[in-house]
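**Student:** Below is structure01.cif; it holds mmCIF, C-alpha atoms.
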```cif
data_structure
#
loop_
_atom_site.label_atom_id
_atom_site.label_comp_id
_atom_site.auth_asym_id
_atom_site.auth_seq_id
_atom_site.Cartn_x
_atom_site.Cartn_y
_atom_site.Cartn_z
CA MET A 952 142.28 101.77 170.93
CA ASP A 953 140.24 98.68 170.32
CA VAL A 954 137.21 97.67 172.26
CA VAL A 955 138.26 95.28 175.02
CA ASP A 956 136.16 92.66 176.75
CA ASP A 957 135.34 92.73 180.47
CA ARG A 958 137.96 90.13 181.34
CA GLU A 959 140.69 92.21 179.73
CA ARG A 960 139.40 95.40 181.35
CA SER A 961 139.44 93.93 184.85
CA ARG A 962 143.17 93.32 184.53
CA PRO A 963 145.34 96.28 185.57
CA PRO A 964 147.82 97.45 182.92
CA GLY A 965 151.32 96.15 183.42
CA LEU A 966 152.50 99.15 185.35
CA PRO A 967 155.17 98.72 188.01
CA GLY A 968 153.24 100.72 190.63
CA LEU A 969 150.46 98.16 190.63
CA ASP A 970 152.71 95.47 192.07
CA ASP A 971 151.73 96.77 195.48
CA GLU A 972 148.96 94.46 196.70
CA ARG A 973 147.03 97.27 198.41
CA LEU A 974 147.00 99.41 195.26
CA ARG A 975 145.83 96.40 193.30
CA SER A 976 142.92 95.93 195.70
CA VAL A 977 141.96 99.62 195.29
CA TRP A 978 142.05 99.04 191.52
CA ASP A 979 139.87 95.95 191.80
CA GLU A 980 137.28 97.69 193.95
CA LEU A 981 136.70 100.54 191.51
CA GLU A 982 133.17 100.28 190.22
CA GLU A 983 132.05 101.37 186.76
CA PRO A 984 129.57 104.29 186.58
CA PRO A 985 126.08 103.14 185.60
CA PHE A 986 125.29 103.84 181.97
CA ALA A 987 121.66 104.22 181.00
CA GLY A 988 122.40 104.02 177.25
CA VAL A 989 121.93 106.57 174.52
CA ALA A 990 118.78 108.62 175.02
CA PRO A 991 116.33 108.40 172.09
CA GLY A 992 116.80 111.30 169.71
CA PHE A 993 120.38 112.01 170.73
CA SER A 994 121.77 111.81 167.20
CA ALA A 995 118.82 113.86 165.90
CA ARG A 996 119.67 116.62 168.40
CA VAL A 997 123.33 116.55 167.35
CA MET A 998 122.36 116.72 163.67
CA GLY A 999 119.94 119.56 164.43
CA ARG A 1000 122.82 121.60 165.82
CA VAL A 1001 125.04 120.57 162.90
CA ARG A 1002 122.39 121.80 160.44
CA VAL A 1003 122.13 125.13 162.27
CA GLU A 1004 125.92 125.50 162.02
CA ALA A 1005 125.90 124.52 158.36
CA ALA A 1006 123.18 127.06 157.55
CA ALA A 1007 124.90 129.89 159.43
CA PRO A 1008 127.42 131.99 157.53
CA ALA A 1009 130.94 130.72 158.04
CA ARG A 1010 132.62 132.28 161.04
CA MET A 1011 135.96 133.98 160.54
CA SER A 1012 138.70 132.21 162.44
CA TRP A 1013 142.47 131.97 162.14
CA ALA A 1014 142.36 128.16 162.43
CA GLY A 1015 139.78 127.85 159.69
CA ALA A 1016 141.46 130.25 157.28
CA PRO A 1017 143.09 128.78 154.16
CA ARG A 1018 146.90 128.81 153.94
CA TRP A 1019 147.04 131.51 151.27
CA ALA A 1020 144.96 133.83 153.48
CA LYS A 1021 147.23 133.20 156.48
CA ALA A 1022 150.33 133.83 154.33
CA ALA A 1023 148.84 137.05 152.94
CA ALA A 1024 147.94 138.26 156.45
CA ILE A 1025 151.45 137.57 157.76
CA LEU A 1026 152.98 139.30 154.71
CA ALA A 1027 150.76 142.36 155.17
CA LEU A 1028 151.61 142.55 158.88
CA SER A 1029 155.34 142.29 158.21
CA ALA A 1030 155.15 144.91 155.41
CA GLY A 1031 153.24 147.26 157.70
CA ALA A 1032 155.75 146.82 160.53
CA ALA A 1033 158.68 147.40 158.14
CA MET A 1034 157.06 150.49 156.68
CA GLY A 1035 156.41 151.87 160.16
CA ALA A 1036 160.00 151.26 161.20
CA GLY A 1037 161.26 152.88 157.97
CA LEU A 1038 159.10 155.97 158.41
CA ALA A 1039 160.23 156.32 162.01
CA ALA A 1040 163.86 156.17 160.89
CA LEU A 1041 163.26 158.79 158.19
CA ALA A 1042 161.46 161.24 160.48
CA PRO A 1043 163.59 164.26 161.57
CA HIS A 1044 164.80 163.91 165.15
CA ASP A 1045 164.36 167.65 165.77
CA ALA A 1046 160.62 167.16 165.63
CA ASP A 1047 160.89 164.75 168.57
CA ALA A 1048 163.06 167.18 170.48
CA SER A 1049 160.70 170.11 169.95
CA ALA A 1050 157.75 168.01 171.05
CA PHE A 1051 159.64 167.05 174.21
CA GLU A 1052 160.54 170.68 174.89
CA GLU A 1053 156.94 171.72 174.44
CA GLU A 1054 155.82 169.04 176.90
CA SER A 1055 158.48 170.10 179.42
CA THR A 1056 157.38 173.72 179.21
CA LEU A 1057 153.80 172.72 179.80
CA ALA A 1058 154.79 170.67 182.84
CA GLU A 1059 156.88 173.51 184.23
CA ARG A 1060 154.01 175.95 183.78
CA TYR A 1061 151.67 173.57 185.55
CA LEU A 1062 154.06 173.11 188.49
CA SER A 1063 154.66 176.85 188.86
CA SER A 1064 150.92 177.55 188.79
CA LEU A 1065 150.47 174.92 191.53
CA GLN A 1066 153.19 176.58 193.61
CA GLU A 1067 151.59 179.99 193.13
CA ALA A 1068 148.24 178.61 194.18
CA GLY A 1069 149.90 177.10 197.27
CA GLN A 1070 151.43 180.43 198.29
CA MET B 839 137.90 103.77 151.92
CA ASP B 840 137.04 103.77 155.62
CA PRO B 841 133.39 104.99 155.96
CA ASP B 842 134.30 107.39 158.78
CA ARG B 843 137.06 109.01 156.75
CA GLU B 844 134.79 109.19 153.75
CA ALA B 845 132.11 110.87 155.88
CA LEU B 846 134.61 113.44 157.19
CA ALA B 847 135.87 114.14 153.67
CA ARG B 848 132.30 114.78 152.51
CA VAL B 849 131.61 117.00 155.54
CA ALA B 850 134.78 118.96 154.75
CA GLY B 851 133.43 119.37 151.22
CA GLY B 852 130.25 120.99 152.57
CA ASP B 853 127.90 117.99 152.89
CA ALA B 854 126.67 118.36 156.50
CA GLU B 855 124.29 115.37 156.19
CA ALA B 856 127.25 113.03 155.71
CA PHE B 857 127.99 113.58 159.41
CA ALA B 858 124.83 111.71 160.52
CA PRO B 859 126.10 108.12 160.04
CA LEU B 860 129.30 109.00 161.89
CA VAL B 861 127.25 110.21 164.87
CA GLU B 862 125.13 107.05 164.76
CA ARG B 863 128.19 104.81 164.70
CA HIS B 864 130.07 106.43 167.58
CA GLN B 865 127.43 107.99 169.83
CA GLU B 866 127.20 105.11 172.30
CA ARG B 867 130.92 104.74 172.88
CA LEU B 868 131.49 108.50 173.12
CA LEU B 869 128.58 108.95 175.50
CA ARG B 870 129.84 106.09 177.64
CA LEU B 871 133.30 107.66 177.73
CA CYS B 872 131.88 111.06 178.75
CA THR B 873 129.79 109.39 181.47
CA ARG B 874 132.83 107.55 182.79
CA LEU B 875 134.82 110.77 182.94
CA LEU B 876 132.15 113.16 184.20
CA HIS B 877 129.91 110.89 186.35
CA ASP B 878 126.88 112.96 185.50
CA PRO B 879 124.60 111.60 182.75
CA GLU B 880 123.14 114.99 181.91
CA GLU B 881 126.51 116.68 181.67
CA ALA B 882 127.84 113.70 179.72
CA ARG B 883 125.07 114.12 177.13
CA ASP B 884 125.89 117.83 176.75
CA ALA B 885 129.57 117.04 176.52
CA ALA B 886 129.07 114.34 173.88
CA GLN B 887 126.99 116.76 171.77
CA GLU B 888 129.72 119.37 172.06
CA VAL B 889 132.35 116.82 171.09
CA PHE B 890 130.44 115.92 167.92
CA LEU B 891 130.02 119.61 167.08
CA LYS B 892 133.73 120.22 167.61
CA ALA B 893 134.48 117.26 165.33
CA TYR B 894 132.09 118.64 162.70
CA ARG B 895 133.81 122.05 162.79
CA ALA B 896 137.26 120.46 162.63
CA ALA B 897 136.41 117.99 159.83
CA ALA B 898 138.44 120.02 157.34
CA SER B 899 141.55 119.85 159.48
CA TYR B 900 141.34 116.09 160.14
CA GLN B 901 144.62 114.38 159.21
CA PRO B 902 143.87 110.83 158.02
CA ARG B 903 146.64 109.11 160.01
CA GLY B 904 144.94 106.97 162.64
CA GLN B 905 141.36 105.84 163.10
CA VAL B 906 138.64 108.48 163.13
CA PHE B 907 137.45 107.20 166.48
CA THR B 908 140.90 107.81 168.00
CA TRP B 909 140.62 111.41 166.82
CA LEU B 910 137.09 111.71 168.25
CA TYR B 911 138.32 110.08 171.44
CA ARG B 912 141.05 112.69 171.87
CA ILE B 913 138.57 115.54 171.35
CA ALA B 914 136.23 113.95 173.92
CA VAL B 915 138.91 113.38 176.55
CA ASN B 916 140.20 116.96 176.24
CA HIS B 917 136.69 118.36 176.34
CA CYS B 918 135.78 116.37 179.47
CA LEU B 919 139.08 117.28 181.15
CA ASN B 920 138.34 120.96 180.55
CA ARG B 921 134.91 120.47 182.09
CA LEU B 922 136.43 118.71 185.10
CA ARG B 923 138.95 121.53 185.55
CA ARG B 924 136.19 124.13 185.39
CA ARG B 925 134.27 122.08 187.93
CA ALA B 926 137.33 121.98 190.20
CA VAL B 927 137.66 125.77 189.96
CA GLY B 928 133.95 126.10 190.73
CA ARG B 929 134.36 123.90 193.80
CA PHE B 930 137.36 125.96 194.86
CA LEU B 931 135.25 129.10 194.62
CA SER B 932 132.52 127.35 196.68
CA LEU B 933 130.03 127.43 193.87
CA ALA B 934 127.20 124.91 193.95
CA GLU B 935 128.40 121.48 192.90
CA ARG B 936 125.67 119.62 191.14
CA ASN B 937 126.58 115.97 191.31
CA GLU B 938 129.75 115.57 193.29
CA GLU B 939 130.43 115.26 197.00
CA GLY B 940 127.31 115.22 199.09
CA ALA B 941 124.91 115.14 196.16
CA PRO B 942 122.60 112.20 195.52
CA VAL B 943 124.24 109.42 193.58
CA HIS B 944 123.16 109.03 189.96
CA ASP B 945 120.66 106.22 189.86
CA PRO B 946 119.64 105.22 186.36
CA ALA B 947 116.75 102.87 185.91
CA ASP B 948 117.99 99.33 185.40
CA PRO B 949 114.92 97.19 184.83
CA GLY B 950 116.96 94.02 184.32
CA ALA B 951 118.73 93.98 187.67
CA ALA B 952 117.30 92.42 190.84
CA PRO B 953 116.56 95.08 193.49
CA ASP B 954 119.18 93.86 196.01
CA ARG B 955 121.86 93.51 193.34
CA ALA B 956 121.05 96.94 191.94
CA LEU B 957 121.21 98.39 195.45
CA GLU B 958 124.60 96.81 196.09
CA ALA B 959 125.95 98.01 192.74
CA ARG B 960 124.67 101.51 193.50
CA ARG B 961 126.33 101.49 196.93
CA ARG B 962 129.66 100.35 195.46
CA TRP B 963 129.48 102.88 192.64
CA GLY B 964 128.68 105.62 195.18
CA ALA B 965 131.93 104.85 196.99
CA THR B 966 133.93 104.89 193.74
CA ARG B 967 132.29 108.13 192.62
CA ARG B 968 133.13 109.92 195.87
CA ALA B 969 136.72 108.66 195.73
CA LEU B 970 137.23 109.65 192.09
CA ALA B 971 135.68 113.08 192.65
CA ALA B 972 138.49 113.90 195.08
CA LEU B 973 141.21 113.26 192.47
CA PRO B 974 142.72 115.99 190.29
CA PRO B 975 141.24 115.84 186.74
CA GLY B 976 144.48 114.57 185.15
CA GLN B 977 144.79 111.62 187.54
CA ARG B 978 141.09 110.85 187.32
CA ALA B 979 141.26 110.75 183.51
CA VAL B 980 144.21 108.34 183.53
CA LEU B 981 142.48 106.06 186.03
CA VAL B 982 139.18 106.04 184.12
CA LEU B 983 140.87 105.40 180.76
CA ALA B 984 142.96 102.56 182.21
CA LYS B 985 140.30 100.90 184.35
CA PHE B 986 137.02 101.40 182.50
CA GLU B 987 138.14 102.03 178.92
CA GLY B 988 140.80 99.33 179.13
CA LEU B 989 143.42 101.44 177.35
CA LYS B 990 147.10 100.59 177.53
CA GLY B 991 149.68 103.08 178.82
CA LYS B 992 150.74 104.05 175.29
CA GLU B 993 147.14 104.67 174.21
CA ILE B 994 146.38 106.77 177.29
CA ALA B 995 149.54 108.80 176.65
CA ALA B 996 148.39 109.43 173.06
CA ALA B 997 144.85 110.37 174.14
CA LEU B 998 146.02 112.83 176.80
CA GLY B 999 149.09 114.12 174.98
CA ILE B 1000 151.48 113.12 177.81
CA THR B 1001 154.36 110.65 178.08
CA GLU B 1002 153.94 107.02 179.12
CA GLY B 1003 156.01 107.77 182.22
CA ALA B 1004 153.55 110.49 183.19
CA VAL B 1005 150.68 108.03 182.71
CA GLU B 1006 152.34 105.56 185.08
CA SER B 1007 153.08 108.13 187.76
CA ARG B 1008 149.58 109.63 187.55
CA LEU B 1009 147.99 106.21 187.83
CA VAL B 1010 150.07 105.25 190.86
CA ARG B 1011 149.49 108.64 192.52
CA ALA B 1012 145.74 108.31 191.91
CA LEU B 1013 145.62 104.83 193.44
CA ARG B 1014 147.71 105.95 196.43
CA THR B 1015 145.30 108.86 197.01
CA LEU B 1016 142.34 106.47 196.86
CA LEU B 1017 144.10 104.08 199.22
CA LYS B 1018 144.75 106.87 201.75
CA ALA B 1019 141.12 107.97 201.55
CA GLN B 1020 139.99 104.36 202.03
CA GLU B 1021 142.25 103.89 205.08
CA ALA B 1022 141.05 107.18 206.58
CA ARG B 1023 137.45 106.05 206.11
CA VAL B 1024 138.13 102.71 207.82
CA ARG B 1025 139.83 104.52 210.74
CA ARG B 1026 136.90 106.92 211.06
CA VAL B 1027 134.34 104.11 211.07
CA SER B 1028 136.24 102.10 213.72
CA GLU B 1029 136.66 105.21 215.91
CA GLU B 1030 132.94 105.91 215.61
CA GLY B 1031 132.23 102.29 216.56
CA ARG B 1032 134.46 102.55 219.66
CA GLU B 1033 132.83 105.87 220.60
CA ASN B 1034 129.34 104.38 220.28
CA GLY B 1035 130.42 101.37 222.37
CA ARG B 1036 131.70 103.63 225.15
CA ARG B 1037 128.45 105.62 225.13
CA GLY B 1038 126.41 102.41 225.28
CA ARG B 1039 128.33 101.18 228.34
CA SER B 1040 128.08 104.48 230.24
#
```
For the file at hand, write its structure as structure tokens.
**Tutor:**
Amino acid sequence: MDVVDDRERSRPPGLPGLDDERLRSVWDELEEPPFAGVAPGFSARVMGRVRVEAAAPARMSWAGAPRWAKAAAILALSAGAAMGAGLAALAPHDADASAFEEESTLAERYLSSLQEAGQ
Amino acid sequence: MDPDREALARVAGGDAEAFAPLVERHQERLLRLCTRLLHDPEEARDAAQEVFLKAYRAAASYQPRGQVFTWLYRIAVNHCLNRLRRRAVGRFLSLAERNEEGAPVHDPADPGAAPDRALEARRRWGATRRALAALPPGQRAVLVLAKFEGLKGKEIAAALGITEGAVESRLVRALRTLLKAQEARVRRVSEEGRENGRRGRS
């Protein structure tokens, strides 16, 4: 991406679509936006914001985290998921069944009370 | 060692002041690029500041493969494209558009130019600005990078993260859209002329 001179810039790139004379004329007629130059103090403003960032405590972000921290986080997540799955497998199934029964009874009671209220 | 790479290495090591020479070296070209893409000097200044801040934050993750400016360039193009997309969404939602269709054309002071030449340049740029504003951001970016930045297809593809084939097709589609708009404008003007002529006779 080197700086090119005006003569080079005015030439369309060697793209097949630009063989069309009408497209080429559209290309030639495109006018560059006016550029008023760099406003005085621009770099000072940028550096002011950079200094504010530098002085602020580092923000926590996944992208900015070192590799060891990312690896540790992934390891901890995997260990947690495995432990959860293991505990779920070890849990007695009867407990699930009794909880379901209890919920069903509650629902039945609720429906019957609604029916009674309707009558 | 390349001074830009050295500056980034020092910034990554915690020396924020090492970023200043890098800003000084690249501010003009980055600002010009943002102006070419956004067509709004005020927004371009904001965008260029944001681009430098993004580069400062990402200094630690910079991979010293190509030139630092190419890396900055990519950040700038992506940042401006995101702004253009947000602008397009805003226009879709009928929010106020600050400096696009129907708004006064940007008119920077150019003390060196003769008044009639400056006026002509302003008129021509106004036409280009209105035409480019109607293009989707992706096509507009390809056209600006090819025409005003003078980048080759391969370089545009690298800057936008697309294939060279996509660059070609976007460029051709953009020019066809501009051509259609131009032809429609010519038709409209000639119809208006005929209409005025009829009114004058009757």
**Student:** Just give me the gap between CA of Glu972 in chain A and CA of Arg1008 in chain B in Å, one decimal is fine.
**Tutor:**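 Computing the Euclidean distance for CA of Glu972 in chain A and CA of Arg1008 in chain B yields 17.7 Å.
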**Student:** As a PDB file with C-alpha atoms, in the frame of the given file, could you give me every residue of chain B near chain A (at most 8 Å apart, counting only C-alpha atoms)?
**Tutor:**
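Written out: iface_15.pdb:
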```pdb
ATOM      1  CA  ALA B 854     126.670 118.360 156.500  1.00  0.00           C
ATOM      2  CA  GLU B 855     124.290 115.370 156.190  1.00  0.00           C
ATOM      3  CA  PHE B 857     127.990 113.580 159.410  1.00  0.00           C
ATOM      4  CA  ALA B 858     124.830 111.710 160.520  1.00  0.00           C
ATOM      5  CA  VAL B 861     127.250 110.210 164.870  1.00  0.00           C
ATOM      6  CA  GLU B 862     125.130 107.050 164.760  1.00  0.00           C
ATOM      7  CA  GLN B 865     127.430 107.990 169.830  1.00  0.00           C
ATOM      8  CA  GLU B 866     127.200 105.110 172.300  1.00  0.00           C
ATOM      9  CA  LEU B 869     128.580 108.950 175.500  1.00  0.00           C
ATOM     10  CA  ARG B 870     129.840 106.090 177.640  1.00  0.00           C
ATOM     11  CA  THR B 873     129.790 109.390 181.470  1.00  0.00           C
ATOM     12  CA  ARG B 874     132.830 107.550 182.790  1.00  0.00           C
ATOM     13  CA  HIS B 877     129.910 110.890 186.350  1.00  0.00           C
ATOM     14  CA  PRO B 879     124.600 111.600 182.750  1.00  0.00           C
ATOM     15  CA  GLN B 887     126.990 116.760 171.770  1.00  0.00           C
ATOM     16  CA  PHE B 890     130.440 115.920 167.920  1.00  0.00           C
ATOM     17  CA  LEU B 891     130.020 119.610 167.080  1.00  0.00           C
ATOM     18  CA  TYR B 894     132.090 118.640 162.700  1.00  0.00           C
ATOM     19  CA  THR B 908     140.900 107.810 168.000  1.00  0.00           C
ATOM     20  CA  HIS B 944     123.160 109.030 189.960  1.00  0.00           C
ATOM     21  CA  ASP B 945     120.660 106.220 189.860  1.00  0.00           C
ATOM     22  CA  PRO B 946     119.640 105.220 186.360  1.00  0.00           C
ATOM     23  CA  ALA B 947     116.750 102.870 185.910  1.00  0.00           C
ATOM     24  CA  ASP B 948     117.990  99.330 185.400  1.00  0.00           C
ATOM     25  CA  ALA B 959     125.950  98.010 192.740  1.00  0.00           C
ATOM     26  CA  ARG B 962     129.660 100.350 195.460  1.00  0.00           C
ATOM     27  CA  TRP B 963     129.480 102.880 192.640  1.00  0.00           C
ATOM     28  CA  THR B 966     133.930 104.890 193.740  1.00  0.00           C
ATOM     29  CA  ARG B 967     132.290 108.130 192.620  1.00  0.00           C
ATOM     30  CA  ALA B 984     142.960 102.560 182.210  1.00  0.00           C
ATOM     31  CA  LYS B 985     140.300 100.900 184.350  1.00  0.00           C
ATOM     32  CA  PHE B 986     137.020 101.400 182.500  1.00  0.00           C
ATOM     33  CA  GLU B 987     138.140 102.030 178.920  1.00  0.00           C
ATOM     34  CA  GLY B 988     140.800  99.330 179.130  1.00  0.00           C
ATOM     35  CA  LEU B 989     143.420 101.440 177.350  1.00  0.00           C
ATOM     36  CA  LYS B 990     147.100 100.590 177.530  1.00  0.00           C
ATOM     37  CA  GLY B 991     149.680 103.080 178.820  1.00  0.00           C
ATOM     38  CA  GLU B 993     147.140 104.670 174.210  1.00  0.00           C
ATOM     39  CA  GLU B1006     152.340 105.560 185.080  1.00  0.00           C
ATOM     40  CA  SER B1007     153.080 108.130 187.760  1.00  0.00           C
ATOM     41  CA  VAL B1010     150.070 105.250 190.860  1.00  0.00           C
ATOM     42  CA  LEU B1013     145.620 104.830 193.440  1.00  0.00           C
ATOM     43  CA  ARG B1014     147.710 105.950 196.430  1.00  0.00           C
ATOM     44  CA  LEU B1016     142.340 106.470 196.860  1.00  0.00           C
ATOM     45  CA  LEU B1017     144.100 104.080 199.220  1.00  0.00           C
TER      46      LEU B1017
END
```
**Student:** Taking the point (130.7, 114.5, 178.7) as given in the file, collect each protein or nucleic acid residue that comes within 10 Å of it, counting all atoms listed in the file, and present the set as a PyMOL selection string.
**Tutor:** chain B and resi 868-889+914-915+917-919+921-922
**Student:** Excluding Trp909 in chain B and residues on its chain fewer than 6 positions from it, collect all residues at most 9 Å away from it, counting all atoms listed in the file, and give them as a PyMOL selection string.
**Tutor:** chain B and resi 893+900+997
**Student:** How would the residues just chosen look if you wrote them out with C-alpha atoms as a compact mmCIF listing (two decimals), keeping the file's coordinate frame?
**Tutor:**
```txt
# COMPACT_ATOMS: atom_id res chain seq x y z
CA ALA B 893 134.48 117.26 165.33
CA TYR B 900 141.34 116.09 160.14
CA ALA B 997 144.85 110.37 174.14
```
**Student:** Rank nothing, just name the residue among B:Glu1002, B:Arg895, B:Pro975, B:Leu981 nearest to Ser1012 in chain A, using only C-alpha atoms.
**Tutor:**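 Of the candidates, the smallest distance to Ser1012 in chain A is held by B:Arg895.
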**Student:** So how far away is CA of Val1024 in chain B from CA of Arg1037 in chain B, in Å?
**Tutor:**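 Value for the CA of Arg1037 in chain B-CA of Val1024 in chain B distance: 20.0 Å.
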**Student:** CA of Leu973 in chain B and CA of Leu998 in chain B are how many Å apart?
**Tutor:**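 CA of Leu998 in chain B lies at a distance of 16.4 Å from CA of Leu973 in chain B.
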**Student:** Looking at only C-alpha atoms, which of A:Ala1033, A:Ala1039, A:Ala1007, A:Ala1016 is the one that sits closest to Ser899 in chain B?
**Tutor:**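 Looking at the shortest contact to Ser899 in chain B, the residue is A:Ala1016.
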